[in-house]
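Content type mmCIF, C-alpha atoms, from the file input_38.cif:
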data_final
loop_
_atom_site.label_atom_id
_atom_site.label_comp_id
_atom_site.auth_asym_id
_atom_site.auth_seq_id
_atom_site.Cartn_x
_atom_site.Cartn_y
_atom_site.Cartn_z
CA MET A 12 -0.14 -1.98 32.55
CA LYS A 13 -2.03 -5.25 32.70
CA PRO A 14 -0.40 -7.95 30.55
CA GLY A 15 -3.76 -9.44 29.54
CA ARG A 16 -5.00 -6.12 28.18
CA ILE A 17 -1.75 -5.59 26.32
CA VAL A 18 -2.08 -9.02 24.69
CA MET A 19 -5.66 -8.21 23.69
CA LEU A 20 -4.58 -4.91 22.15
CA VAL A 21 -1.67 -6.47 20.24
CA LEU A 22 -3.73 -9.40 18.94
CA GLY A 23 -6.59 -7.07 18.05
CA THR A 24 -4.24 -4.75 16.16
CA LEU A 25 -2.71 -7.62 14.20
CA ALA A 26 -6.15 -9.03 13.36
CA ALA A 27 -7.48 -5.61 12.34
CA LEU A 28 -4.42 -4.86 10.20
CA MET A 29 -4.76 -8.19 8.42
CA GLY A 30 -8.47 -7.53 7.99
CA LEU A 31 -7.82 -4.13 6.46
CA GLY A 32 -5.20 -5.66 4.18
CA LEU A 33 -7.62 -8.34 3.02
CA LEU A 34 -10.36 -5.77 2.46
CA THR A 35 -7.95 -3.66 0.41
CA ALA A 36 -7.05 -6.70 -1.66
CA ALA A 37 -10.76 -7.52 -2.01
CA GLY A 38 -11.40 -4.02 -3.33
CA ALA A 39 -8.61 -4.37 -5.89
CA VAL A 40 -9.80 -7.82 -6.99
CA GLY A 41 -13.38 -6.59 -7.17
CA TRP A 42 -12.33 -3.67 -9.36
CA VAL A 43 -10.38 -5.97 -11.69
CA ASN A 44 -13.34 -8.34 -11.89
CA PHE A 45 -15.68 -5.42 -12.67
CA GLN A 46 -13.39 -4.25 -15.46
CA GLN A 47 -13.55 -7.62 -17.23
CA ARG A 48 -17.36 -7.84 -17.14
CA ASP A 49 -19.27 -8.64 -20.34
CA ASN A 50 -16.53 -11.04 -21.49
CA GLY A 51 -13.96 -8.23 -21.53
CA TYR A 52 -10.21 -8.74 -21.31
CA PHE A 53 -7.34 -6.92 -19.74
CA THR A 54 -5.16 -6.22 -22.73
CA THR A 55 -1.69 -4.96 -23.48
CA PRO A 56 -1.19 -2.13 -25.98
CA THR A 57 -0.94 -3.15 -29.62
CA GLU A 58 2.75 -3.09 -30.49
CA ARG A 59 4.88 -3.88 -33.53
CA TYR A 60 6.89 -7.11 -33.34
CA ASP A 61 9.37 -7.17 -36.18
CA VAL A 62 12.01 -9.83 -36.92
CA ALA A 63 13.99 -10.91 -39.97
CA THR A 64 13.49 -14.62 -39.27
CA ARG A 65 10.68 -17.05 -40.19
CA ALA A 66 8.80 -17.06 -36.89
CA ILE A 67 8.32 -15.32 -33.57
CA SER A 68 7.90 -17.76 -30.71
CA SER A 69 7.31 -17.30 -27.02
CA PRO A 70 8.01 -20.31 -24.78
CA GLY A 71 5.61 -18.99 -22.15
CA LEU A 72 2.52 -16.79 -22.07
CA ASN A 73 4.00 -14.77 -19.21
CA VAL A 74 6.31 -12.84 -21.56
CA LEU A 75 3.35 -11.48 -23.51
CA ILE A 76 1.01 -11.01 -20.57
CA ASP A 77 2.49 -10.85 -17.06
CA ASP A 78 4.61 -7.72 -17.44
CA GLU A 79 1.67 -5.54 -18.42
CA LEU A 80 -1.49 -6.97 -16.91
CA PRO A 81 -2.61 -6.81 -13.24
CA ASP A 82 -0.83 -9.23 -10.92
CA LEU A 83 -4.24 -10.07 -9.42
CA LEU A 84 -5.18 -12.02 -12.53
CA PRO A 85 -4.26 -15.71 -12.01
CA VAL A 86 -2.86 -16.25 -15.50
CA ASP A 87 -1.73 -19.77 -14.70
CA SER A 88 -5.17 -20.75 -13.36
CA ALA A 89 -8.68 -20.90 -14.76
CA GLY A 90 -9.10 -18.17 -17.35
CA ARG A 91 -8.83 -17.27 -21.00
CA VAL A 92 -6.09 -15.78 -23.15
CA LEU A 93 -6.65 -13.47 -26.10
CA LEU A 94 -4.14 -13.01 -28.92
CA ARG A 95 -4.92 -10.53 -31.70
CA GLY A 96 -2.55 -9.69 -34.57
CA THR A 97 -2.39 -7.96 -37.93
CA ALA A 98 0.38 -8.43 -40.49
CA ALA A 99 2.13 -5.11 -41.11
CA SER A 100 2.76 -6.09 -44.75
CA GLY A 101 -0.87 -6.95 -45.45
CA GLN A 102 -0.12 -10.61 -46.23
CA GLN A 103 -1.65 -13.62 -44.52
CA ILE A 104 -0.64 -14.13 -40.90
CA PHE A 105 -0.73 -17.20 -38.69
CA ILE A 106 -1.15 -17.17 -34.90
CA GLY A 107 -1.07 -20.41 -32.93
CA ILE A 108 -0.74 -21.85 -29.42
CA GLY A 109 0.61 -25.34 -29.02
CA PRO A 110 2.56 -27.63 -26.68
CA GLN A 111 6.17 -26.48 -26.29
CA GLU A 112 7.58 -29.87 -27.28
CA ASP A 113 5.64 -29.95 -30.55
CA VAL A 114 6.51 -26.33 -31.33
CA ALA A 115 10.19 -27.05 -30.67
CA ARG A 116 10.12 -30.02 -33.08
CA TYR A 117 8.32 -27.95 -35.73
CA LEU A 118 10.86 -25.12 -35.52
CA ALA A 119 13.92 -27.40 -35.22
CA ASN A 120 16.66 -26.15 -37.59
CA VAL A 121 14.36 -23.30 -38.64
CA ARG A 122 15.73 -19.79 -38.22
CA HIS A 123 13.34 -18.12 -35.77
CA SER A 124 13.30 -15.49 -33.00
CA GLU A 125 12.29 -16.37 -29.47
CA LEU A 126 10.71 -13.47 -27.57
CA SER A 127 12.59 -13.37 -24.27
CA ASP A 128 11.26 -10.13 -22.79
CA ALA A 129 8.84 -7.32 -23.58
CA ASP A 130 8.54 -3.97 -21.82
CA PHE A 131 5.56 -1.78 -22.62
CA SER A 132 6.45 1.59 -21.06
CA PRO A 133 8.07 2.38 -23.45
CA PHE A 134 7.76 -0.65 -25.65
CA HIS A 135 10.89 -2.68 -26.14
CA ALA A 136 11.10 -6.32 -27.23
CA GLU A 137 14.12 -8.55 -26.77
CA TYR A 138 14.63 -11.64 -28.91
CA ARG A 139 16.94 -14.64 -28.81
CA GLU A 140 17.60 -15.76 -32.39
CA THR A 141 17.96 -19.45 -33.18
CA PRO A 142 19.87 -20.16 -36.41
CA GLY A 143 18.79 -22.70 -39.01
CA ASP A 144 18.40 -23.23 -42.75
CA ALA A 145 15.31 -25.47 -42.92
CA VAL A 146 12.14 -24.26 -44.62
CA PRO A 147 9.16 -25.08 -42.39
CA ALA A 148 5.91 -26.52 -43.69
CA ALA A 149 2.97 -24.15 -43.69
CA PRO A 150 2.01 -23.75 -40.01
CA ALA A 151 -1.70 -24.26 -40.68
CA THR A 152 -1.02 -27.80 -41.90
CA GLN A 153 0.23 -28.87 -38.46
CA THR A 154 -2.21 -30.76 -36.25
CA PHE A 155 -0.78 -30.06 -32.80
CA TRP A 156 -2.14 -26.52 -32.42
CA SER A 157 -4.49 -26.12 -29.48
CA ALA A 158 -5.79 -22.86 -30.95
CA SER A 159 -4.90 -21.11 -34.20
CA ALA A 160 -6.04 -18.52 -36.73
CA GLN A 161 -4.85 -17.67 -40.22
CA GLY A 162 -5.77 -15.10 -42.83
CA THR A 163 -5.40 -11.53 -44.02
CA GLY A 164 -6.34 -8.60 -41.86
CA THR A 165 -6.74 -8.92 -38.10
CA GLN A 166 -6.67 -12.49 -36.78
CA GLN A 167 -7.71 -13.41 -33.26
CA ILE A 168 -7.68 -16.49 -31.05
CA GLU A 169 -9.16 -17.06 -27.60
CA TRP A 170 -7.84 -19.99 -25.63
CA ASP A 171 -8.82 -21.49 -22.28
CA LEU A 172 -5.83 -21.75 -19.97
CA ARG A 173 -4.95 -25.28 -18.95
CA ALA A 174 -2.14 -27.20 -17.28
CA GLY A 175 0.97 -27.88 -19.30
CA ARG A 176 3.78 -26.07 -21.08
CA TRP A 177 2.59 -24.02 -24.01
CA ALA A 178 4.18 -21.79 -26.62
CA VAL A 179 2.87 -18.98 -28.82
CA VAL A 180 3.94 -18.84 -32.48
CA VAL A 181 3.41 -15.99 -34.93
CA MET A 182 4.39 -16.52 -38.59
CA ASN A 183 3.57 -15.60 -42.09
CA ALA A 184 1.08 -18.12 -43.44
CA ASP A 185 3.63 -19.38 -45.99
CA GLY A 186 6.46 -19.58 -43.43
CA GLY A 187 8.42 -16.86 -45.21
CA THR A 188 10.53 -13.95 -43.96
CA PRO A 189 10.44 -11.37 -42.51
CA VAL A 190 7.72 -11.45 -39.85
CA SER A 191 6.24 -8.08 -38.97
CA VAL A 192 3.03 -8.04 -36.96
CA ASP A 193 1.05 -5.66 -34.76
CA LEU A 194 0.21 -7.88 -31.80
CA GLN A 195 -1.97 -7.50 -28.72
CA ALA A 196 -2.44 -9.94 -25.83
CA GLY A 197 -5.14 -10.11 -23.18
CA VAL A 198 -6.32 -12.25 -20.29
CA ARG A 199 -9.40 -12.75 -18.17
CA SER A 200 -10.13 -15.10 -15.27
CA ASP A 201 -13.27 -16.57 -13.78
CA LEU A 202 -11.55 -17.08 -10.41
CA LEU A 203 -11.69 -13.41 -9.48
CA TRP A 204 -15.25 -13.44 -8.17
CA PRO A 205 -14.74 -16.28 -5.65
CA VAL A 206 -11.37 -14.76 -4.68
CA PHE A 207 -13.12 -11.43 -4.08
CA ILE A 208 -15.80 -13.05 -1.89
CA GLY A 209 -13.19 -14.99 0.09
CA LEU A 210 -11.05 -11.92 0.73
CA LEU A 211 -14.08 -9.80 1.63
CA VAL A 212 -15.49 -12.30 4.13
CA SER A 213 -12.08 -12.98 5.68
CA GLY A 214 -11.38 -9.26 6.04
CA ILE A 215 -14.74 -8.58 7.69
CA VAL A 216 -14.30 -11.50 10.10
CA LEU A 217 -10.81 -10.36 11.11
CA LEU A 218 -12.03 -6.80 11.64
CA ALA A 219 -15.00 -8.07 13.63
CA VAL A 220 -12.56 -9.92 15.88
CA GLY A 221 -9.81 -7.31 15.99
CA VAL A 222 -11.78 -4.12 16.69
CA PRO A 223 -13.53 -5.43 19.85
CA LEU A 224 -10.20 -6.77 21.11
CA ILE A 225 -8.59 -3.37 20.56
CA VAL A 226 -11.43 -1.51 22.28
CA ALA A 227 -11.51 -3.94 25.21
CA GLY A 228 -7.73 -3.80 25.62
CA ALA A 229 -7.63 0.00 25.39
CA ALA A 230 -10.55 0.40 27.80
CA GLY A 231 -8.84 -1.89 30.30
CA LEU A 232 -5.59 0.05 30.05
CA GLY A 233 -7.46 3.35 30.44
CA ARG A 234 -9.51 2.43 33.51
CA HIS A 235 -6.75 3.49 35.90
CA GLY A 236 -6.26 7.06 34.70
CA PRO A 237 -6.54 10.21 36.86
CA PRO A 238 -9.79 10.63 38.79
CA ALA A 239 -12.66 12.44 37.15
CA GLY A 240 -12.37 16.21 37.32
CA ALA A 241 -8.81 16.20 38.66
CA ARG A 242 -6.67 18.90 37.14
CA THR A 243 -3.04 18.04 36.75
CA GLY A 244 -0.49 20.47 35.49
CA ALA A 245 -0.83 24.25 35.52
CA GLY A 246 -3.65 25.65 37.61
CA ALA A 247 -5.33 24.59 40.79
CA PRO A 248 -7.50 21.47 41.04
CA VAL A 249 -11.16 21.92 40.24
CA ALA A 250 -14.17 19.91 41.29
CA ALA A 251 -15.52 17.07 39.16
CA GLY A 252 -17.56 18.41 36.26
CA ALA A 253 -16.30 21.96 36.71
CA TRP A 254 -14.18 23.82 34.18
CA ASP A 255 -11.58 26.43 35.00
CA THR A 256 -12.01 28.94 32.17
CA GLY A 257 -8.60 30.45 32.89
CA PHE A 258 -6.77 27.48 31.41
CA TYR A 259 -7.17 25.50 28.21
CA PRO A 260 -8.14 21.88 28.97
CA ALA A 261 -5.08 20.49 27.14
CA ARG A 262 -1.61 21.12 28.55
CA LEU A 263 1.76 20.10 27.18
CA ASN A 264 5.02 20.83 28.95
CA GLY A 265 8.69 19.94 28.83
CA ARG A 266 11.57 20.79 31.14
CA LEU A 267 14.98 21.16 29.53
CA ASP A 268 17.67 19.03 31.14
CA PRO A 269 20.39 21.42 32.40
CA ALA A 270 23.27 19.02 31.62
CA LEU A 271 22.72 17.19 28.34
CA SER A 272 25.27 14.70 27.05
CA ARG A 273 27.19 15.86 24.00
CA GLY A 274 27.02 12.48 22.30
CA MET A 275 23.72 10.91 23.38
CA TRP A 276 21.70 12.74 20.72
CA LEU A 277 23.51 10.66 18.07
CA VAL A 278 21.99 7.40 19.34
CA LYS A 279 18.74 8.43 20.98
CA TRP A 280 16.78 7.62 17.82
CA PHE A 281 18.18 4.09 18.00
CA LEU A 282 17.46 3.73 21.70
CA ALA A 283 13.87 4.84 21.03
CA ILE A 284 13.16 1.94 18.64
CA PRO A 285 11.44 -0.21 21.33
CA HIS A 286 9.13 2.72 22.05
CA ILE A 287 8.43 3.19 18.34
CA ILE A 288 7.41 -0.46 18.02
CA VAL A 289 5.05 -0.18 20.98
CA LEU A 290 3.66 3.14 19.73
CA PHE A 291 2.85 1.55 16.38
CA PHE A 292 0.33 -0.70 18.10
CA LEU A 293 -0.85 2.05 20.43
CA TRP A 294 -1.46 4.53 17.62
CA PHE A 295 -3.41 2.02 15.58
CA ALA A 296 -5.50 1.36 18.66
CA LEU A 297 -5.89 5.11 19.17
CA ILE A 298 -7.34 5.48 15.67
CA ILE A 299 -9.86 2.71 16.33
CA THR A 300 -10.84 3.99 19.79
CA THR A 301 -11.17 7.54 18.45
CA ILE A 302 -13.68 6.32 15.86
CA VAL A 303 -15.57 4.44 18.58
CA ALA A 304 -15.51 7.55 20.78
CA TRP A 305 -16.78 9.66 17.87
CA PHE A 306 -19.92 7.53 17.64
CA ALA A 307 -20.26 7.48 21.43
CA ILE A 308 -20.20 11.29 21.57
CA LEU A 309 -22.62 11.54 18.64
CA PHE A 310 -25.22 9.39 20.39
CA THR A 311 -24.57 10.01 24.10
CA ALA A 312 -22.73 13.38 24.23
CA ARG A 313 -20.10 11.69 26.42
CA TYR A 314 -16.58 10.50 25.74
CA PRO A 315 -16.14 7.02 27.31
CA ARG A 316 -13.82 7.70 30.25
CA SER A 317 -11.63 4.64 29.83
CA LEU A 318 -11.08 5.33 26.12
CA PHE A 319 -10.38 8.99 26.90
CA ASN A 320 -7.70 8.02 29.42
CA PHE A 321 -6.17 5.58 26.96
CA ASN A 322 -6.03 8.09 24.09
CA VAL A 323 -4.54 10.82 26.29
CA GLY A 324 -2.03 8.26 27.57
CA VAL A 325 -0.95 7.40 24.00
CA LEU A 326 -0.45 11.09 23.20
CA ARG A 327 1.48 11.50 26.46
CA TRP A 328 3.72 8.54 25.65
CA SER A 329 4.34 9.88 22.13
CA TRP A 330 5.30 13.31 23.46
CA ARG A 331 7.76 11.80 25.95
CA VAL A 332 9.50 9.81 23.20
CA SER A 333 9.51 12.81 20.88
CA PHE A 334 10.92 15.08 23.61
CA TYR A 335 13.64 12.52 24.31
CA ALA A 336 14.76 11.51 20.83
CA PHE A 337 13.33 13.57 17.97
CA THR A 338 11.84 17.06 18.25
CA ALA A 339 13.23 18.70 21.38
CA ILE A 340 15.95 16.20 22.43
CA GLY A 341 15.60 17.97 25.77
CA THR A 342 16.55 15.22 28.20
CA ASP A 343 18.86 12.21 28.47
CA ARG A 344 16.46 10.40 30.79
CA TYR A 345 14.99 7.35 29.07
CA PRO A 346 11.18 7.53 28.72
CA PRO A 347 9.11 5.12 30.82
CA PHE A 348 6.92 2.48 29.19
CA THR A 349 3.59 3.63 30.56
CA LEU A 350 0.45 5.49 29.62
CA ALA A 351 0.20 7.05 33.08
CA ARG A 352 1.59 10.34 34.26
CA THR A 353 5.04 10.21 35.85
CA ASP A 354 7.67 12.67 36.99
CA TYR A 355 9.29 12.56 33.54
CA PRO A 356 10.48 16.00 32.29
CA ALA A 357 7.96 15.93 29.43
CA ASP A 358 4.25 15.53 30.12
CA PHE A 359 0.86 15.95 28.49
CA ASP A 360 -2.58 16.04 30.03
CA VAL A 361 -6.17 16.87 29.12
CA ASP A 362 -9.06 17.55 31.48
CA TYR A 363 -11.86 15.05 31.06
CA PRO A 364 -15.01 16.68 29.62
CA ASP A 365 -18.22 15.61 31.36
CA HIS A 366 -20.33 16.71 28.38
CA LEU A 367 -19.60 17.30 24.70
CA SER A 368 -21.72 18.69 21.87
CA ARG A 369 -23.20 16.04 19.62
CA GLY A 370 -23.27 18.39 16.65
CA LEU A 371 -19.74 19.78 16.92
CA VAL A 372 -18.26 16.30 16.75
CA LEU A 373 -19.36 16.22 13.11
CA VAL A 374 -17.29 19.23 12.07
CA LYS A 375 -14.60 20.12 14.60
CA SER A 376 -12.17 17.36 13.69
CA TRP A 377 -11.80 18.66 10.14
CA LEU A 378 -13.73 21.80 9.18
CA LEU A 379 -13.20 23.92 12.30
CA ALA A 380 -9.60 22.72 12.59
CA ILE A 381 -8.57 23.94 9.11
CA PRO A 382 -7.28 27.39 10.23
CA HIS A 383 -5.20 25.76 12.97
CA LEU A 384 -3.87 23.12 10.58
CA LEU A 385 -2.75 25.81 8.14
CA VAL A 386 -0.96 27.76 10.86
CA VAL A 387 0.66 24.64 12.29
CA ALA A 388 1.81 23.63 8.79
CA VAL A 389 3.57 27.00 8.42
CA LEU A 390 5.09 26.91 11.91
CA ALA A 391 6.27 23.30 11.92
CA ALA A 392 7.12 22.73 8.26
CA THR A 393 10.67 22.71 6.97
CA THR A 394 11.83 24.36 3.79
CA ARG A 395 14.42 23.00 1.38
CA THR A 396 16.29 25.38 -0.93
CA TRP A 397 19.34 25.44 -3.18
CA VAL A 398 21.78 28.30 -2.59
CA ALA A 399 24.47 29.57 -5.00
CA SER A 400 26.39 32.49 -3.61
CA ASP A 401 30.14 32.89 -3.43
CA ASP A 402 32.44 34.75 -5.83
CA ASP A 403 34.03 31.57 -7.17
CA GLY A 404 30.69 30.34 -8.47
CA ARG A 405 30.53 27.42 -6.10
CA VAL A 406 27.04 26.12 -5.39
CA THR A 407 26.09 25.10 -1.89
CA GLY A 408 22.94 23.17 -1.03
CA PRO A 409 20.48 21.81 -0.51
CA ALA A 410 19.79 23.70 2.71
CA THR A 411 17.09 22.73 5.18
CA SER A 412 15.62 25.33 7.51
CA PRO A 413 13.09 24.73 10.27
CA GLY A 414 9.68 26.29 10.44
CA THR A 415 9.18 29.61 12.14
CA ALA A 416 8.32 27.93 15.43
CA PHE A 417 11.90 26.71 15.70
CA ARG A 418 13.73 29.83 14.51
#

Could I get this structure in the form of structure tokens?
Amino acid sequence: MKPGRIVMLVLGTLAALMGLGLLTAAGAVGWVNFQQRDNGYFTTPTERYDVATRAISSPGLNVLIDDELPDLLPVDSAGRVLLRGTAASGQQIFIGIGPQEDVARYLANVRHSELSDADFSPFHAEYRETPGDAVPAAPATQTFWSASAQGTGTQQIEWDLRAGRWAVVVMNADGGTPVSVDLQAGVRSDLLWPVFIGLLVSGIVLLAVGVPLIVAGAAGLGRHGPPAGARTGAGAPVAAGAWDTGFYPARLNGRLDPALSRGMWLVKWFLAIPHIIVLFFLWFALIITTIVAWFAILFTARYPRSLFNFNVGVLRWSWRVSFYAFTAIGTDRYPPFTLARTDYPADFDVDYPDHLSRGLVLVKSWLLAIPHLLVVAVLAATTRTWVASDDDGRVTGPATSPGTAFR
């Protein structure tokens, strides 16, 4: 295999994978941004926060927000926070956000409960109680609040996020005990739209770079396949463009090694790891080149020969590794690192088709293949059962049995 083509394929695969990842992230960010349209917020469920002290404080907004809301929302960046609460007792409630230092001075020597954690599925709040015997002044009389609301019924504040260390405080308006409030928090961010555009553009650019690199690398690796029309495997050679109707165009074979090692099967999966790494890149390239070939067949009724050779070579390589280490374990001979045919005991080949139907390409890869897929699922699937049988009542299991093809 040509090193330059291999480098192109690897770089193209990495670029395409990163592009797909960025496009996936762009889709998620776009969905989140769509959900907060019309000044909407992502909100937590309304839950009951109940303490026997004079105040509930949270030294950071993340306790109320981060555990429940999407990680895509940059809570510590440009955005807005919503806090909405209703006193369970029907009395006046106070909700405020202020600098942590000022809140700490205000609640010094005041018995209050600091919210340290909140889980919402199911809801569970953990508090760290700070003792004290001082009676605080009415919270509404303090001037350090950046945002606050007080009154009966449901009270709500909306606050623009900004740099600094901030704390949330929920109290009765008179500073009395206990504090019992149904509280909901929410967040929205104006950074999501530019983040979405950046991710989308970056993903498209990486795909636009990666896919041509993959196709060029695969085509280069596939240009040295078997000559057109050559039949390899069972059956006699046929002329270019001719089809021998006595044999199916795809042939898979494997020759069982007569003297297999008793212990090699324990480590073959480990020895196959280098092949698995290479096949990861090859299979990603195969998916891309198959899509390209699909469009080529649709418009030209021909499968590009170089891509055909590459895809068959990937399937051949996969079968060799599988025959060696996983499905058949039929030989101790280490598989070669090549797409080409060799004298290895396991082989796979497909006759190159000179002409393919443009219409069948639309349905044969899924609709017409359904009966075969159902049969293959029955033949190759494994079953897992629990068995209880003996006279002593002992239970044995689980038991795994192979599909009917391996029985």

Given only C-alpha atoms as the basis, pick out the residue of A:Val114, A:Ala380, A:Ala129, A:Met182 nearest to Ala63 (chain A).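 That would be A:Met182, the residue with the smallest distance to Ala63 (chain A).
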
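You will find CA of Ala158 (chain A) at 28.6 Å from CA of Val40 (chain A).
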
What residues come out when you apply the PyMOL selection byres ((chain A and resi 198) around 6) to this file, written as a VMD selection string? chain A and resid 52 to 53 91 to 93 197 199

To verify the selection step, state as a count of residues only which residues the PyMOL selection byres ((chain A and resi 166-177) around 7) yields on this input. 26

Closest of A:Arg65, A:Arg316, A:Arg369, A:Arg139 to Leu118 (chain A) - atom-to-atom distances counting only C-alpha atoms: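 The closest residue to Leu118 (chain A) is A:Arg65.
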
Selection result for the PyMOL selection byres ((chain A and resi 31) around 12) on this file, as a ChimeraX atom specification: /A:24-30,32-38,210-219,221-222,295

What is the distance between CA of Ala296 (chain A) and CA of Trp276 (chain A), in Å to one decimal? 29.6 Å

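As for CA of Gly41 (chain A) and CA of Leu203 (chain A), they are spaced 7.4 Å apart.
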
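Using all atoms listed in the file, the smallest distance between any of A:Asn320, A:Ser69, A:Gln103, A:Asn44 and Ala136 (chain A) comes from A:Ser69.
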
May I ask which of the residues A:Phe45, A:Trp156, A:Phe105, A:Phe348 is the closest one to Asp185 (chain A), counting all atoms listed in the file?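 Selected residue with least distance to Asp185 (chain A): A:Phe105.
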